[in-house]
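input36.cif follows; it contains mmCIF, C-alpha atoms and all ligand atoms.
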```
data_data
loop_
_atom_site.label_atom_id
_atom_site.label_comp_id
_atom_site.auth_asym_id
_atom_site.auth_seq_id
_atom_site.Cartn_x
_atom_site.Cartn_y
_atom_site.Cartn_z
CA MET A 1 7.62 8.12 -15.16
CA GLN A 2 9.80 5.41 -16.63
CA VAL A 3 9.90 2.17 -14.65
CA HIS A 4 13.05 0.07 -14.95
CA HIS A 5 13.03 -3.52 -13.74
CA SER A 6 16.63 -4.39 -14.53
CA ILE A 7 19.81 -2.63 -13.49
CA ASP A 8 21.62 -3.89 -16.57
CA LEU A 9 19.40 -2.04 -19.02
CA LEU A 10 19.41 1.45 -17.54
CA PRO A 11 19.68 4.52 -19.74
CA VAL A 12 22.44 7.10 -19.24
CA PHE A 13 20.94 9.61 -16.82
CA ASN A 14 21.47 13.31 -17.17
CA ASN A 15 22.49 14.84 -13.81
CA ALA A 16 20.90 12.03 -11.82
CA VAL A 17 19.40 13.03 -8.48
CA VAL A 18 18.73 9.79 -6.66
CA THR A 19 17.10 8.63 -3.48
CA ILE A 20 16.91 5.09 -2.22
CA GLY A 21 14.30 3.35 -0.12
CA THR A 22 11.47 0.90 0.26
CA PHE A 23 8.85 3.63 0.23
CA ASP A 24 6.18 1.26 1.53
CA GLY A 25 2.98 3.23 1.69
CA VAL A 26 4.30 6.29 -0.15
CA HIS A 27 3.03 8.11 2.95
CA LEU A 28 3.28 11.81 3.84
CA GLY A 29 6.86 11.31 5.16
CA HIS A 30 7.91 9.75 1.84
CA GLN A 31 6.14 12.55 0.03
CA GLN A 32 8.32 15.05 1.94
CA ILE A 33 11.46 13.23 0.83
CA ILE A 34 10.23 13.30 -2.75
CA LYS A 35 9.65 17.04 -2.49
CA ALA A 36 13.23 17.49 -1.30
CA LEU A 37 14.37 15.33 -4.21
CA LEU A 38 12.44 17.35 -6.78
CA ASN A 39 13.80 20.54 -5.28
CA GLU A 40 17.36 19.35 -5.92
CA VAL A 41 16.45 18.19 -9.41
CA GLU A 42 15.35 21.69 -10.27
CA LYS A 43 18.58 23.20 -8.95
CA VAL A 44 20.83 21.04 -11.11
CA ASN A 45 18.44 20.70 -14.03
CA GLY A 46 18.61 16.94 -13.70
CA GLU A 47 16.49 13.81 -13.66
CA SER A 48 14.74 12.47 -10.55
CA ILE A 49 15.34 8.81 -9.76
CA ILE A 50 13.89 6.68 -7.01
CA ILE A 51 15.67 3.41 -6.38
CA THR A 52 13.57 0.77 -4.68
CA PHE A 53 13.82 -2.98 -4.21
CA HIS A 54 11.61 -5.92 -5.02
CA PRO A 55 11.07 -8.35 -3.42
CA HIS A 56 11.30 -6.55 -0.09
CA PRO A 57 14.90 -6.91 1.24
CA ARG A 58 13.64 -8.47 4.47
CA LYS A 59 12.18 -11.35 2.46
CA ILE A 60 15.66 -12.20 1.17
CA VAL A 61 17.65 -11.46 4.32
CA GLN A 62 15.18 -13.14 6.71
CA PRO A 63 13.17 -15.51 4.50
CA ASP A 64 10.97 -16.77 7.35
CA THR A 65 9.39 -13.47 8.22
CA SER A 66 5.96 -12.90 6.78
CA LEU A 67 5.60 -9.46 5.33
CA GLN A 68 2.65 -7.19 5.61
CA LEU A 69 3.20 -4.41 3.19
CA ILE A 70 0.99 -1.39 2.77
CA ASN A 71 1.45 -1.45 -1.01
CA THR A 72 1.98 -4.08 -3.65
CA LEU A 73 4.64 -3.21 -6.21
CA ASP A 74 2.01 -2.15 -8.76
CA GLU A 75 0.35 0.12 -6.20
CA LYS A 76 3.69 1.67 -5.30
CA ILE A 77 4.40 2.36 -8.97
CA GLU A 78 0.98 3.96 -9.33
CA LEU A 79 1.48 6.14 -6.23
CA LEU A 80 5.00 7.24 -7.15
CA GLU A 81 3.87 8.08 -10.66
CA LYS A 82 1.54 10.66 -9.13
CA GLN A 83 4.51 12.30 -7.34
CA GLY A 84 6.04 13.41 -10.62
CA ILE A 85 9.20 11.28 -10.57
CA ASP A 86 11.14 10.80 -13.84
CA HIS A 87 12.48 7.29 -13.19
CA LEU A 88 11.64 4.48 -10.82
CA VAL A 89 14.27 1.76 -10.69
CA VAL A 90 12.96 -1.47 -9.19
CA VAL A 91 16.09 -3.40 -8.27
CA PRO A 92 15.52 -7.16 -8.18
CA PHE A 93 16.75 -7.80 -4.65
CA SER A 94 18.67 -11.09 -4.65
CA PRO A 95 21.05 -12.80 -2.20
CA ALA A 96 23.92 -11.72 -4.48
CA PHE A 97 22.79 -8.11 -4.33
CA ALA A 98 22.32 -8.34 -0.56
CA SER A 99 25.89 -9.59 -0.17
CA LEU A 100 27.49 -6.53 -1.80
CA SER A 101 29.69 -4.83 0.79
CA ALA A 102 28.81 -1.23 1.54
CA ASP A 103 31.87 -0.03 -0.45
CA ASP A 104 30.95 -2.18 -3.45
CA TYR A 105 27.34 -1.06 -3.20
CA ILE A 106 28.51 2.52 -3.63
CA LYS A 107 31.03 1.79 -6.37
CA GLU A 108 29.46 -0.99 -8.41
CA PHE A 109 25.85 -0.09 -7.93
CA LEU A 110 25.31 3.58 -7.15
CA ILE A 111 28.22 5.03 -9.11
CA GLN A 112 28.47 2.66 -12.07
CA LYS A 113 24.74 2.45 -12.73
CA PHE A 114 23.64 6.00 -11.96
CA HIS A 115 26.65 8.37 -11.93
CA PRO A 116 24.69 10.46 -9.44
CA LYS A 117 25.09 14.20 -9.33
CA VAL A 118 23.17 14.33 -6.06
CA ILE A 119 22.20 11.66 -3.54
CA VAL A 120 19.33 12.53 -1.20
CA ILE A 121 19.18 10.27 1.80
CA GLY A 122 17.47 9.97 5.20
CA TYR A 123 19.68 10.20 8.29
CA ASP A 124 18.78 6.63 9.20
CA HIS A 125 19.30 4.98 5.82
CA HIS A 126 21.46 1.82 5.77
CA PHE A 127 22.74 -0.23 2.86
CA GLY A 128 25.16 -3.00 1.89
CA LYS A 129 25.96 -6.30 3.54
CA GLY A 130 24.92 -6.34 7.20
CA ARG A 131 23.43 -2.86 6.69
CA LYS A 132 26.91 -1.47 7.34
CA GLY A 133 26.66 1.41 4.87
CA ASN A 134 25.21 4.69 6.07
CA TYR A 135 25.20 8.44 5.59
CA GLN A 136 28.69 8.85 7.08
CA LEU A 137 30.17 6.41 4.56
CA LEU A 138 28.54 8.24 1.66
CA GLU A 139 29.84 11.51 3.11
CA LYS A 140 33.41 10.14 3.28
CA GLN A 141 33.37 9.06 -0.34
CA LYS A 142 31.66 12.02 -1.94
CA GLU A 143 34.87 13.69 -3.15
CA ILE A 144 36.17 10.46 -4.67
CA TRP A 145 33.06 9.97 -6.75
CA GLY A 146 32.05 13.59 -7.20
CA TYR A 147 28.47 13.52 -5.98
CA ASN A 148 26.75 15.97 -3.75
CA LEU A 149 25.11 14.52 -0.66
CA ILE A 150 21.94 15.90 0.85
CA GLU A 151 20.70 14.62 4.16
CA ILE A 152 16.99 14.70 4.77
CA PRO A 153 17.07 16.46 8.13
CA LYS A 154 15.92 14.54 11.16
CA HIS A 155 13.37 17.14 12.12
CA LEU A 156 11.69 16.90 8.73
CA LEU A 157 11.14 13.18 9.20
CA ASN A 158 10.39 13.32 12.93
CA GLU A 159 8.21 16.39 12.95
CA ALA A 160 5.69 14.71 10.78
CA ASP A 161 6.08 11.62 12.99
CA ILE A 162 5.15 9.38 10.15
CA SER A 163 6.40 5.89 9.48
CA SER A 164 5.31 2.83 7.55
CA THR A 165 5.25 0.93 10.85
CA LYS A 166 2.75 3.40 12.27
CA VAL A 167 0.52 3.06 9.23
CA ARG A 168 0.67 -0.74 9.43
CA LYS A 169 -0.23 -0.70 13.12
CA ALA A 170 -3.19 1.58 12.48
CA LEU A 171 -4.44 -0.62 9.62
CA LEU A 172 -4.16 -3.79 11.71
CA LYS A 173 -6.27 -2.31 14.47
CA SER A 174 -8.91 -1.04 12.04
CA ASP A 175 -7.95 2.59 12.68
CA ILE A 176 -8.48 3.70 9.10
CA HIS A 177 -8.83 7.32 10.19
CA SER A 178 -5.22 7.47 11.46
CA ALA A 179 -3.89 5.37 8.59
CA ASN A 180 -5.42 7.64 5.95
CA LYS A 181 -4.14 10.73 7.74
CA LEU A 182 -0.57 9.38 7.80
CA LEU A 183 -0.76 8.19 4.21
CA GLY A 184 -2.14 11.44 2.85
CA TYR A 185 -4.56 9.42 0.68
CA ASP A 186 -7.19 6.77 1.32
CA PHE A 187 -5.89 3.24 1.87
CA PHE A 188 -6.93 0.81 -0.83
CA PHE A 189 -6.58 -2.85 -1.67
CA GLU A 190 -7.54 -5.17 -4.49
CA GLY A 191 -9.03 -8.60 -4.55
CA LYS A 192 -10.48 -11.18 -6.86
CA VAL A 193 -14.20 -11.83 -6.43
CA VAL A 194 -14.90 -15.42 -5.42
CA LYS A 195 -18.05 -17.37 -4.54
CA GLY A 196 -19.43 -17.18 -1.00
CA ASP A 197 -22.46 -18.91 0.51
CA GLN A 198 -24.90 -17.05 -1.74
CA LEU A 199 -26.68 -15.87 1.38
CA GLY A 200 -26.11 -12.18 0.77
CA ARG A 201 -28.62 -11.93 -2.06
CA GLU A 202 -31.25 -13.60 0.13
CA LEU A 203 -30.67 -10.98 2.80
CA GLY A 204 -31.09 -8.30 0.16
CA TYR A 205 -27.44 -7.32 0.42
CA PRO A 206 -25.34 -9.28 -2.08
CA THR A 207 -21.68 -9.07 -1.18
CA ALA A 208 -18.72 -9.60 -3.46
CA ASN A 209 -16.37 -11.86 -1.47
CA MET A 210 -12.77 -10.88 -2.12
CA GLU A 211 -9.54 -12.82 -2.08
CA TYR A 212 -6.33 -10.83 -1.77
CA THR A 213 -4.37 -10.97 -5.03
CA ASP A 214 -0.96 -10.32 -3.42
CA PRO A 215 0.23 -12.53 -0.54
CA ASP A 216 2.33 -9.74 1.03
CA LYS A 217 -0.44 -7.14 1.13
CA ILE A 218 -1.44 -6.12 4.63
CA HIS A 219 -4.92 -7.17 5.77
CA LEU A 220 -7.00 -4.36 7.19
CA GLY A 221 -8.36 -5.21 10.66
CA GLU A 222 -11.88 -6.51 11.23
CA GLY A 223 -14.87 -4.21 11.15
CA VAL A 224 -17.45 -2.57 8.95
CA TYR A 225 -16.34 0.33 6.77
CA ALA A 226 -17.72 2.94 4.38
CA VAL A 227 -15.89 2.50 1.09
CA GLU A 228 -15.68 3.28 -2.57
CA VAL A 229 -15.35 0.42 -4.99
CA LEU A 230 -13.64 0.62 -8.34
CA VAL A 231 -15.35 -1.75 -10.75
CA ALA A 232 -14.05 -1.73 -14.33
CA GLY A 233 -12.88 1.86 -13.96
CA ILE A 234 -16.11 3.15 -12.42
CA VAL A 235 -16.27 4.37 -8.81
CA LYS A 236 -19.24 3.12 -6.80
CA GLN A 237 -20.15 3.58 -3.15
CA GLY A 238 -20.50 0.62 -0.84
CA MET A 239 -20.00 -0.97 2.57
CA LEU A 240 -17.23 -3.36 3.45
CA SER A 241 -17.28 -6.09 6.05
CA ILE A 242 -14.12 -7.78 7.28
CA GLY A 243 -14.68 -10.49 9.85
CA LYS A 244 -15.60 -14.02 10.72
CA ARG A 245 -19.37 -13.54 10.47
CA PRO A 246 -20.00 -14.25 14.17
CA THR A 247 -23.74 -14.40 13.52
CA LEU A 248 -23.16 -17.52 11.42
CA ASN A 249 -20.51 -18.96 13.74
CA ASP A 250 -18.09 -18.92 10.83
CA THR A 251 -14.37 -19.23 11.60
CA ILE A 252 -12.75 -17.93 8.42
CA GLU A 253 -12.15 -14.23 7.99
CA ARG A 254 -14.16 -12.90 5.06
CA VAL A 255 -13.63 -9.71 3.14
CA GLU A 256 -16.87 -8.75 1.44
CA VAL A 257 -18.38 -5.66 -0.03
CA ASN A 258 -21.94 -4.67 -0.86
CA ILE A 259 -21.94 -2.21 -3.72
CA PHE A 260 -24.77 0.32 -3.84
CA ASP A 261 -26.94 0.75 -6.94
CA PHE A 262 -25.27 -2.14 -8.65
CA ASN A 263 -26.45 -5.49 -9.91
CA GLU A 264 -23.89 -7.33 -11.98
CA ASN A 265 -22.01 -10.59 -11.83
CA LEU A 266 -18.49 -9.96 -10.55
CA TYR A 267 -17.20 -13.51 -10.06
CA GLY A 268 -13.61 -13.73 -11.29
CA GLU A 269 -13.21 -9.97 -11.61
CA THR A 270 -10.59 -7.98 -9.71
CA ILE A 271 -12.04 -5.03 -7.84
CA ARG A 272 -10.43 -2.27 -5.81
CA VAL A 273 -11.80 -1.07 -2.49
CA ILE A 274 -10.89 2.41 -1.27
CA VAL A 275 -11.49 2.56 2.47
CA LYS A 276 -12.97 5.84 3.68
CA SER A 277 -14.10 5.37 7.27
CA PHE A 278 -14.76 2.88 10.06
CA LEU A 279 -18.38 2.35 11.02
CA ARG A 280 -18.48 -0.34 13.71
CA PRO A 281 -16.96 -3.64 14.86
CA GLN A 282 -18.30 -7.06 13.85
CA ILE A 283 -21.24 -8.08 16.02
CA LYS A 284 -22.89 -11.44 16.71
CA TYR A 285 -26.61 -11.04 16.07
CA ASN A 286 -29.27 -13.40 17.38
CA ASP A 287 -30.58 -14.16 13.91
CA LEU A 288 -30.34 -13.15 10.29
CA ASN A 289 -33.28 -10.78 10.62
CA ALA A 290 -31.42 -8.74 13.21
CA LEU A 291 -28.37 -8.71 10.95
CA LYS A 292 -30.54 -7.55 8.06
CA THR A 293 -31.91 -4.67 10.13
CA GLN A 294 -28.33 -3.69 10.99
CA LEU A 295 -27.27 -3.83 7.32
CA HIS A 296 -30.08 -1.39 6.55
CA GLN A 297 -28.69 0.95 9.22
CA ASP A 298 -25.11 0.42 7.96
CA LYS A 299 -26.19 1.60 4.53
CA ILE A 300 -27.68 4.78 6.00
CA ASP A 301 -24.49 5.36 8.03
CA THR A 302 -22.28 4.69 5.02
CA LEU A 303 -24.12 7.15 2.83
CA LYS A 304 -23.86 9.73 5.61
CA ALA A 305 -20.14 9.10 6.01
CA LEU A 306 -19.42 9.24 2.28
CA ASN A 307 -21.58 12.16 1.30
CA ASN A 308 -21.15 14.71 4.06
C1 LIG B 1 -21.80 -4.00 5.70
C2 LIG B 1 -21.79 -5.40 6.25
C3 LIG B 1 -21.72 -5.59 7.62
C4 LIG B 1 -21.70 -6.86 8.16
N1 LIG B 1 -21.67 -7.03 9.52
C5 LIG B 1 -21.72 -8.27 10.04
C6 LIG B 1 -21.73 -8.44 11.47
O1 LIG B 1 -21.67 -7.50 12.26
N2 LIG B 1 -21.82 -9.70 11.95
C7 LIG B 1 -21.88 -10.79 11.11
O2 LIG B 1 -21.97 -11.91 11.62
N3 LIG B 1 -21.83 -10.66 9.77
C8 LIG B 1 -21.76 -9.43 9.22
N4 LIG B 1 -21.75 -9.27 7.84
C9 LIG B 1 -21.57 -10.45 6.99
C10 LIG B 1 -22.87 -11.12 6.59
O3 LIG B 1 -23.12 -12.11 7.53
C11 LIG B 1 -22.65 -11.75 5.20
O4 LIG B 1 -22.56 -10.72 4.26
C12 LIG B 1 -23.73 -12.70 4.82
O5 LIG B 1 -23.62 -13.83 5.65
C13 LIG B 1 -23.64 -13.12 3.36
O6 LIG B 1 -22.54 -13.95 3.12
P1 LIG B 1 -22.18 -14.48 1.66
O7 LIG B 1 -21.56 -13.36 0.91
O8 LIG B 1 -21.21 -15.61 1.87
O9 LIG B 1 -23.43 -14.95 0.99
C14 LIG B 1 -21.75 -7.98 7.29
C15 LIG B 1 -21.81 -7.79 5.91
C16 LIG B 1 -21.83 -6.51 5.39
C17 LIG B 1 -21.86 -6.32 3.89
N1 LIG B 2 -24.67 -4.80 -5.43
C1 LIG B 2 -23.83 -5.85 -5.43
N2 LIG B 2 -22.78 -5.85 -4.57
C2 LIG B 2 -21.94 -6.90 -4.56
N3 LIG B 2 -22.06 -7.96 -5.39
C3 LIG B 2 -23.07 -7.99 -6.25
C4 LIG B 2 -23.99 -6.94 -6.31
N4 LIG B 2 -24.91 -7.23 -7.27
C5 LIG B 2 -24.58 -8.41 -7.80
N5 LIG B 2 -23.46 -8.90 -7.21
C6 LIG B 2 -22.90 -10.21 -7.55
O1 LIG B 2 -23.43 -11.15 -6.62
C7 LIG B 2 -22.40 -11.75 -5.81
C8 LIG B 2 -22.79 -11.62 -4.36
O2 LIG B 2 -23.99 -12.29 -4.06
P1 LIG B 2 -24.09 -13.22 -2.79
O3 LIG B 2 -25.46 -13.77 -2.71
O4 LIG B 2 -23.57 -12.49 -1.60
O5 LIG B 2 -23.14 -14.41 -3.22
P2 LIG B 2 -21.74 -14.89 -2.59
O6 LIG B 2 -22.09 -15.47 -1.30
O7 LIG B 2 -21.23 -15.87 -3.60
O8 LIG B 2 -20.89 -13.67 -2.48
C9 LIG B 2 -21.15 -10.95 -6.10
O9 LIG B 2 -20.00 -11.76 -6.09
C10 LIG B 2 -21.39 -10.36 -7.47
O10 LIG B 2 -20.95 -11.25 -8.46
#
```

Re-express the file's structure as structure tokens.
Ligand SMILES: Cc1cc2nc3c(=O)[nH]c(=O)nc-3n(C[C@H](O)[C@H](O)[C@H](O)COP(=O)(O)O)c2cc1C
Ligand SMILES: Nc1ncnc2c1ncn2[C@@H]1O[C@H](COP(=O)(O)OP(=O)(O)O)[C@@H](O)[C@H]1O
Amino acid sequence: MQVHHSIDLLPVFNNAVVTIGTFDGVHLGHQQIIKALLNEVEKVNGESIIITFHPHPRKIVQPDTSLQLINTLDEKIELLEKQGIDHLVVVPFSPAFASLSADDYIKEFLIQKFHPKVIVIGYDHHFGKGRKGNYQLLEKQKEIWGYNLIEIPKHLLNEADISSTKVRKALLKSDIHSANKLLGYDFFFEGKVVKGDQLGRELGYPTANMEYTDPDKIHLGEGVYAVEVLVAGIVKQGMLSIGKRPTLNDTIERVEVNIFDFNENLYGETIRVIVKSFLRPQIKYNDLNALKTQLHQDKIDTLKALNN
């Protein structure tokens, strides 16, 4: 997959089959759209192109809203790469781009930059200033510009009943089971390992405390989870805790992971956590000994969850 970060340096595409969208999550619904796209590509012997935007359009149009995205841009690139797309065009979304009228968006952007043979689009897709452009407008102009228009049928999108909003809601309420089912892969996030209170090692369970590396990445809800951890390219098993450490009367939410069969210094490293299943909520224990007993049980439960 070729990734293009500028719309002024695009190659000349051969029978471009394009689809446009945010694709946050690259969930099962998105994967259906991509299948439809690849199907058309085969028919016209063309090249598959996904057009996406960065930063997220909402950040430009409504600058005050805080975003909680399922994927960072790098994660999205990685996930789309696996779908077998030829080109990903990451359009730098700017106020100037946002102010293109729907007609100009079609003419100056879609036609001039891509000369599409086929446009594959969801029934609810909107584009151009004030989100005025839609499927009907593309339909009206298809003879003028000579593209074929394929609508992703409503039932295909609705039947699966999958949306990025649903995935976000599930993640926020710690429902990793539903989130992973909707995504069609296991949710993951990355963080830089920072210093904690150095208490973990005393308990016998050292935990790498993580700081999110991307400010727009969604924060998984509180709880204890069975996970896999990717450390320098190697997958390890472990248990993740997200919470305010009620036992210690802490007030800051910590994201920390104890990696099994591992004993190395990770400070400053970036690690990836792949979240497999929810074990339990955060609990306030009477003392550290009770917490330690629970951590022992969590490890047993994690191994059971990961290895069955
Ligand atoms: C799997 C796991 C589960 C945890 N569950 C709880 C919990 O239920 N309640 C709590 O107060 N702290 C919980 N913790 C957090 C511990 O209190 C924390 O790891 C310990 O205080 C060490 O902190 P440190 O990394 O800053 O040294 C959990 C940690 C892990 C790794
Ligand atoms: N099995 C392990 N799991 C997680 N971190 C480990 C492990 N073994 C060694 N470490 C290292 O020890 C640190 C965690 O120890 P801990 O006593 O909890 O300190 P802190 O409170 O600073 O996180 C990690 O940041 C990492 O550098």

Selected residue, from A:Asp298, A:Asp287, A:Glu202, A:Asp74, that lies nearest to ligand LIG 2 (chain B) when counting all atoms listed in the file: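 Checking each of A:Asp298, A:Asp287, A:Glu202, A:Asp74 against ligand LIG 2 (chain B), counting all atoms listed in the file, the winner is A:Glu202.
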
Report the distance between CA of Asn209 (chain A) and CA of Gly238 (chain A) in Å, rounded to one decimal place.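 So the answer is 13.2 Å.
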
Selection within 6 Å of ligand LIG 1 (chain B) by only C-alpha atoms and all ligand atoms, output as a VMD selection string: chain A and resid 196 to 200 207 209 224 239 to 241 245 to 248 257 to 258 282 to 284 295 298

Between CA of Tyr212 (chain A) and CA of His27 (chain A), measure the distance and give it in Å to one decimal.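 Going from CA of Tyr212 (chain A) over to CA of His27 (chain A), I get 21.6 Å.
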
Measure the distance from CA of Arg280 (chain A) to CA of Gly223 (chain A) in Å and round it to one decimal. 5.9 Å

Sort by chain and increasing residue number a table of all residues of chain A within 12 Å of ligand LIG 2 (chain B), each with its closest pair of atoms and their distance in Å to one decimal, counting all atoms listed in the file, and write it as a Markdown table.
```
| residue | atom | partner | partner_atom | distance |
| --- | --- | --- | --- | --- |
| A:Gly191 | CA | B:LIG2 | O9 | 11.5 |
| A:Lys192 | CA | B:LIG2 | O9 | 9.6 |
| A:Val193 | CA | B:LIG2 | O9 | 5.8 |
| A:Val194 | CA | B:LIG2 | O9 | 6.3 |
| A:Lys195 | CA | B:LIG2 | O7 | 3.6 |
| A:Gly196 | CA | B:LIG2 | O6 | 3.2 |
| A:Asp197 | CA | B:LIG2 | O6 | 3.9 |
| A:Gln198 | CA | B:LIG2 | O6 | 3.3 |
| A:Leu199 | CA | B:LIG2 | O3 | 4.8 |
| A:Gly200 | CA | B:LIG2 | O4 | 3.5 |
| A:Arg201 | CA | B:LIG2 | O3 | 3.7 |
| A:Glu202 | CA | B:LIG2 | O3 | 6.5 |
| A:Leu203 | CA | B:LIG2 | O3 | 8.1 |
| A:Gly204 | CA | B:LIG2 | O3 | 8.4 |
| A:Tyr205 | CA | B:LIG2 | O4 | 6.8 |
| A:Pro206 | CA | B:LIG2 | O4 | 3.7 |
| A:Thr207 | CA | B:LIG2 | O4 | 3.9 |
| A:Ala208 | CA | B:LIG2 | O9 | 3.6 |
| A:Asn209 | CA | B:LIG2 | O8 | 5.0 |
| A:Met210 | CA | B:LIG2 | O9 | 8.3 |
| A:Glu211 | CA | B:LIG2 | O9 | 11.3 |
| A:Glu228 | CA | B:LIG2 | N2 | 11.7 |
| A:Val229 | CA | B:LIG2 | N2 | 9.7 |
| A:Leu230 | CA | B:LIG2 | N2 | 11.8 |
| A:Val231 | CA | B:LIG2 | C2 | 10.4 |
| A:Lys236 | CA | B:LIG2 | N1 | 9.7 |
| A:Gln237 | CA | B:LIG2 | N1 | 9.8 |
| A:Gly238 | CA | B:LIG2 | N2 | 7.8 |
| A:Met239 | CA | B:LIG2 | N2 | 9.1 |
| A:Leu240 | CA | B:LIG2 | C2 | 9.9 |
| A:Ser241 | CA | B:LIG2 | C2 | 11.6 |
| A:Arg254 | CA | B:LIG2 | O8 | 10.1 |
| A:Val255 | CA | B:LIG2 | O8 | 10.0 |
| A:Glu256 | CA | B:LIG2 | O8 | 7.5 |
| A:Val257 | CA | B:LIG2 | C2 | 5.9 |
| A:Asn258 | CA | B:LIG2 | N2 | 4.0 |
| A:Ile259 | CA | B:LIG2 | N2 | 3.8 |
| A:Phe260 | CA | B:LIG2 | N1 | 5.4 |
| A:Asp261 | CA | B:LIG2 | N1 | 6.2 |
| A:Phe262 | CA | B:LIG2 | N1 | 4.2 |
| A:Asn263 | CA | B:LIG2 | N4 | 3.5 |
| A:Glu264 | CA | B:LIG2 | C5 | 4.4 |
| A:Asn265 | CA | B:LIG2 | O10 | 3.6 |
| A:Leu266 | CA | B:LIG2 | O10 | 3.5 |
| A:Tyr267 | CA | B:LIG2 | O10 | 4.7 |
| A:Gly268 | CA | B:LIG2 | O10 | 8.2 |
| A:Glu269 | CA | B:LIG2 | O10 | 8.5 |
| A:Thr270 | CA | B:LIG2 | O9 | 10.8 |
| A:Ile271 | CA | B:LIG2 | O9 | 10.6 |
| A:Val273 | CA | B:LIG2 | C2 | 11.9 |
| A:Lys299 | CA | B:LIG2 | N1 | 11.9 |
```

Name the residues within 6 Å of (-16.3, 3.2, 3.7), counting only C-alpha atoms in the file's coordinates, and put them as a compact mmCIF listing (two decimals) with C-alpha atoms, in the coordinates of the input.
```
# COMPACT_ATOMS: atom_id res chain seq x y z
CA TYR A 225 -16.34 0.33 6.77
CA ALA A 226 -17.72 2.94 4.38
CA VAL A 227 -15.89 2.50 1.09
CA MET A 239 -20.00 -0.97 2.57
CA VAL A 275 -11.49 2.56 2.47
CA LYS A 276 -12.97 5.84 3.68
CA SER A 277 -14.10 5.37 7.27
```

Name the residues in contact with Val91 (chain A) at a cut-off of 7 Å, using all atoms listed in the file, excluding same-chain residues fewer than 2 positions from it; report them as a compact mmCIF listing (two decimals) with C-alpha atoms, in the coordinates of the input.
```
# COMPACT_ATOMS: atom_id res chain seq x y z
CA HIS A 5 13.03 -3.52 -13.74
CA SER A 6 16.63 -4.39 -14.53
CA ILE A 7 19.81 -2.63 -13.49
CA THR A 52 13.57 0.77 -4.68
CA PHE A 53 13.82 -2.98 -4.21
CA HIS A 54 11.61 -5.92 -5.02
CA VAL A 89 14.27 1.76 -10.69
CA PHE A 93 16.75 -7.80 -4.65
```

Distance criterion (all atoms listed in the file): nearest to Glu78 (chain A) out of A:Gly25, A:Thr165, A:Ala170, A:Arg131: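 For Glu78 (chain A), the nearest of the candidates is A:Gly25.
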
Which is closer to Leu149 (chain A) than all the others in A:Thr19, A:Ile234, A:Arg272, A:Phe114, using all atoms listed in the file?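 Among the listed residues, the smallest separation from Leu149 (chain A) belongs to A:Thr19.
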
Identify, on the basis of all atoms listed in the file, every residue whose closest approach to Leu69 (chain A) does not exceed 8 Å; exclude the query and any residue fewer than 3 positions from it along the same chain; express the result as a ChimeraX atom specification. /A:24-25,72,168,216-218

Between A:Ile77, A:Leu171, A:Val44, A:Ile106, which one has atoms that come closest to Glu139 (chain A), using all atoms listed in the file?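 Of A:Ile77, A:Leu171, A:Val44, A:Ile106, the one nearest Glu139 (chain A), counting all atoms listed in the file, is A:Ile106.
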